[in-house]
$ cat target-v9.cif   # mmCIF, C-alpha atoms
data_coords
#
loop_
_atom_site.group_PDB
_atom_site.id
_atom_site.type_symbol
_atom_site.label_atom_id
_atom_site.label_comp_id
_atom_site.auth_asym_id
_atom_site.auth_seq_id
_atom_site.Cartn_x
_atom_site.Cartn_y
_atom_site.Cartn_z
ATOM 1 C CA MET U 6 20.782 5.442 -31.969
ATOM 2 C CA ALA U 7 18.819 4.631 -28.807
ATOM 3 C CA HIS U 8 19.015 6.861 -25.777
ATOM 4 C CA PRO U 9 21.511 5.411 -23.210
ATOM 5 C CA ALA U 10 18.833 5.290 -20.512
ATOM 6 C CA PHE U 11 16.769 2.956 -22.710
ATOM 7 C CA LYS U 12 19.459 0.463 -23.650
ATOM 8 C CA GLN U 13 18.193 -3.055 -24.062
ATOM 9 C CA ASP U 14 19.625 -5.840 -21.981
ATOM 10 C CA THR U 15 22.350 -7.835 -23.656
ATOM 11 C CA HIS U 16 21.964 -11.525 -24.426
ATOM 12 C CA ARG U 17 24.357 -12.249 -21.558
ATOM 13 C CA GLN U 18 22.295 -10.210 -19.076
ATOM 14 C CA LEU U 19 19.113 -11.981 -20.174
ATOM 15 C CA ARG U 20 20.742 -15.426 -19.950
ATOM 16 C CA VAL U 21 22.101 -14.798 -16.434
ATOM 17 C CA ALA U 22 18.794 -13.273 -15.297
ATOM 18 C CA ALA U 23 16.894 -16.341 -16.508
ATOM 19 C CA ALA U 24 19.330 -18.678 -14.735
ATOM 20 C CA ILE U 25 19.011 -16.704 -11.490
ATOM 21 C CA ARG U 26 15.214 -16.702 -11.762
ATOM 22 C CA ARG U 27 15.130 -20.490 -12.184
ATOM 23 C CA ALA U 28 17.596 -21.041 -9.337
ATOM 24 C CA LEU U 29 15.708 -18.717 -6.976
ATOM 25 C CA GLY U 30 12.511 -20.610 -7.752
ATOM 26 C CA GLU U 31 14.176 -23.823 -6.608
ATOM 27 C CA ILE U 32 15.769 -22.157 -3.598
ATOM 28 C CA PHE U 33 12.466 -20.680 -2.401
ATOM 29 C CA VAL U 34 10.860 -24.138 -2.426
ATOM 30 C CA GLU U 35 12.872 -24.709 0.749
ATOM 31 C CA ALA U 36 12.299 -21.163 1.998
ATOM 32 C CA SER U 37 11.857 -22.114 5.651
ATOM 33 C CA ARG U 38 15.553 -22.982 5.932
ATOM 34 C CA PHE U 39 16.347 -19.284 5.447
ATOM 35 C CA HIS U 40 13.647 -17.738 7.636
ATOM 36 C CA PRO U 41 10.668 -19.314 9.459
ATOM 37 C CA ASN U 42 8.228 -16.766 8.013
ATOM 38 C CA LEU U 43 9.447 -16.972 4.435
ATOM 39 C CA SER U 44 7.668 -20.226 3.595
ATOM 40 C CA GLN U 45 4.246 -18.794 4.448
ATOM 41 C CA PHE U 46 4.474 -16.187 1.664
ATOM 42 C CA MET U 47 4.606 -18.575 -1.340
ATOM 43 C CA LEU U 48 6.409 -16.129 -3.588
ATOM 44 C CA SER U 49 6.689 -16.073 -7.332
ATOM 45 C CA ILE U 50 9.815 -14.628 -8.929
ATOM 46 C CA THR U 51 8.262 -12.565 -11.723
ATOM 47 C CA ASN U 52 11.385 -10.963 -13.146
ATOM 48 C CA VAL U 53 15.116 -10.560 -12.655
ATOM 49 C CA LYS U 54 17.004 -7.616 -14.144
ATOM 50 C CA MET U 55 20.801 -7.710 -14.257
ATOM 51 C CA SER U 56 23.148 -4.750 -14.216
ATOM 52 C CA PRO U 57 25.469 -4.503 -17.246
ATOM 53 C CA ASP U 58 28.441 -5.746 -15.162
ATOM 54 C CA LEU U 59 26.327 -8.655 -13.773
ATOM 55 C CA LYS U 60 27.150 -7.690 -10.186
ATOM 56 C CA LEU U 61 23.614 -6.640 -9.232
ATOM 57 C CA ALA U 62 20.389 -8.587 -9.671
ATOM 58 C CA LYS U 63 17.079 -6.809 -9.125
ATOM 59 C CA VAL U 64 14.614 -9.546 -8.214
ATOM 60 C CA TYR U 65 10.891 -8.801 -8.551
ATOM 61 C CA VAL U 66 8.520 -10.898 -6.449
ATOM 62 C CA MET U 67 4.813 -11.225 -5.830
ATOM 63 C CA PRO U 68 2.694 -13.700 -3.872
ATOM 64 C CA MET U 69 1.373 -16.710 -5.758
ATOM 65 C CA ALA U 70 -1.732 -17.088 -3.614
ATOM 66 C CA THR U 71 -4.028 -14.476 -2.159
ATOM 67 C CA HIS U 72 -2.855 -10.955 -1.514
ATOM 68 C CA LYS U 73 -2.952 -11.583 2.204
ATOM 69 C CA TYR U 74 0.629 -10.347 2.470
ATOM 70 C CA GLY U 75 1.977 -7.112 1.112
ATOM 71 C CA PRO U 76 5.385 -5.644 0.446
ATOM 72 C CA GLN U 77 5.598 -4.386 4.031
ATOM 73 C CA ASP U 78 5.449 -8.039 5.187
ATOM 74 C CA VAL U 79 7.586 -9.722 2.551
ATOM 75 C CA LEU U 80 10.402 -7.330 1.651
ATOM 76 C CA PRO U 81 11.893 -6.996 5.167
ATOM 77 C CA VAL U 82 12.114 -10.796 5.448
ATOM 78 C CA LEU U 83 13.765 -11.041 2.040
ATOM 79 C CA GLN U 84 16.179 -8.292 3.061
ATOM 80 C CA ASP U 85 17.103 -10.309 6.159
ATOM 81 C CA VAL U 86 17.858 -13.486 4.185
ATOM 82 C CA LYS U 87 19.368 -12.069 1.000
ATOM 83 C CA ASN U 88 22.964 -13.001 1.911
ATOM 84 C CA ARG U 89 22.018 -16.602 2.727
ATOM 85 C CA VAL U 90 19.987 -16.823 -0.482
ATOM 86 C CA ARG U 91 22.985 -15.437 -2.368
ATOM 87 C CA GLN U 92 25.162 -18.188 -0.876
ATOM 88 C CA ALA U 93 22.604 -20.815 -1.881
ATOM 89 C CA LEU U 94 22.530 -19.312 -5.371
ATOM 90 C CA ALA U 95 26.274 -19.976 -5.642
ATOM 91 C CA GLY U 96 25.473 -23.688 -5.498
ATOM 92 C CA PHE U 97 23.355 -23.379 -8.651
ATOM 93 C CA LEU U 98 25.431 -21.022 -10.784
ATOM 94 C CA ARG U 99 29.034 -20.839 -11.868
ATOM 95 C CA MET U 100 29.934 -17.189 -12.031
ATOM 96 C CA LYS U 101 33.088 -15.272 -11.293
ATOM 97 C CA PHE U 102 31.122 -12.933 -9.006
ATOM 98 C CA MET U 103 27.810 -13.836 -7.413
ATOM 99 C CA PRO U 104 25.554 -10.813 -7.899
ATOM 100 C CA GLU U 105 24.185 -8.789 -5.027
ATOM 101 C CA LEU U 106 20.451 -9.442 -4.686
ATOM 102 C CA ARG U 107 17.942 -6.632 -4.266
ATOM 103 C CA PHE U 108 14.311 -7.571 -3.872
ATOM 104 C CA PHE U 109 11.418 -5.474 -5.151
ATOM 105 C CA TRP U 110 7.662 -5.915 -5.036
ATOM 106 C CA ASP U 111 6.175 -6.469 -8.497
ATOM 107 C CA ASP U 112 2.909 -4.565 -8.631
ATOM 108 C CA ASN U 113 2.319 -4.880 -12.393
ATOM 109 C CA PHE U 114 -0.445 -7.439 -11.883
ATOM 110 C CA GLU U 115 -2.170 -5.246 -9.286
ATOM 111 C CA ASN U 116 -1.929 -2.248 -11.626
ATOM 112 C CA ALA U 117 -3.416 -4.261 -14.488
ATOM 113 C CA LEU U 118 -6.341 -5.343 -12.283
ATOM 114 C CA ARG U 119 -6.943 -1.748 -11.209
ATOM 115 C CA ILE U 120 -6.957 -0.558 -14.839
ATOM 116 C CA GLU U 121 -9.266 -3.417 -15.825
ATOM 117 C CA THR U 122 -11.663 -2.448 -13.029
ATOM 118 C CA LEU U 123 -11.582 1.191 -14.112
ATOM 119 C CA LEU U 124 -12.280 0.290 -17.729
ATOM 120 C CA HIS U 125 -15.418 -1.595 -16.675
ATOM 121 C CA ASP U 126 -16.693 1.304 -14.562
ATOM 122 C CA GLU U 127 -20.036 2.693 -15.814
ATOM 123 C CA LYS U 128 -18.774 6.280 -16.043
ATOM 124 C CA VAL U 129 -15.764 5.234 -18.091
ATOM 125 C CA GLN U 130 -17.919 3.041 -20.333
ATOM 126 C CA LYS U 131 -20.152 6.048 -21.022
ATOM 127 C CA ASP U 132 -17.130 8.124 -22.026
ATOM 128 C CA LEU U 133 -15.805 5.388 -24.284
ATOM 129 C CA HIS U 134 -19.028 5.089 -26.292
#

$ encode --input "target-v9.cif" --output "structure tokens"
Amino acid sequence: MAHPAFKQDTHRQLRVAAAIRRALGEIFVEASRFHPNLSQFMLSITNVKMSPDLKLAKVYVMPMATHKYGPQDVLPVLQDVKNRVRQALAGFLRMKFMPELRFFWDDNFENALRIETLLHDEKVQKDLH
């Protein structure tokens, strides 16, 4: 039996997360209606994780373009607009309870680039061979 901390998401959680991810993508196309600075970030929704009761959605974002903006720029703006985005989300989804949205910076891509750079370092290459 799997450890409770490592339980896999249910089919329902995955289905709702995918629907929220798609809807947020459409909502953020018109980002300026929520906050004047939000449209300049051009965000990508990389992942959505749902709580087992579907009342909390952890939304992971990263910029689509250059890394000109960081989490210190983006996350406060998303925090400011999360209730309005949640209301807009209600127009896309039919759920008994609209989940609370919490936004997080997805740094997986940055970590992968850093590891890739390290692996190509001369000192590391010497150790590998």

$ residues_around --input "target-v9.cif" --residues "range 38-55 of chain U" --least-positions-apart "3" --cutoff "7 Å" --atoms "all atoms listed in the file" --output "number ranges by chain"
U: 18, 22, 26, 30, 35, 59, 61-70, 82, 86, 89

$ atom_distance --input "target-v9.cif" --atom1 "CA of Leu83 in chain U" --atom2 "CA of Lys12 in chain U"
28.7 Å

$ residues_around --input "target-v9.cif" --residues "range 91-102 of chain U" --least-positions-apart "6" --cutoff "9 Å" --atoms "all atoms listed in the file" --output "ChimeraX atom specification"
/U:24-25,28-29,32,59-60

$ closest_residue --input "target-v9.cif" --among "U:Val90, U:Met103, U:Asp112, U:Ala23" --to "Gly75 in chain U" --atoms "only C-alpha atoms"
U:Asp112

$ atom_distance --input "target-v9.cif" --atom1 "CA of Pro104 in chain U" --atom2 "CA of Ser37 in chain U"
22.3 Å
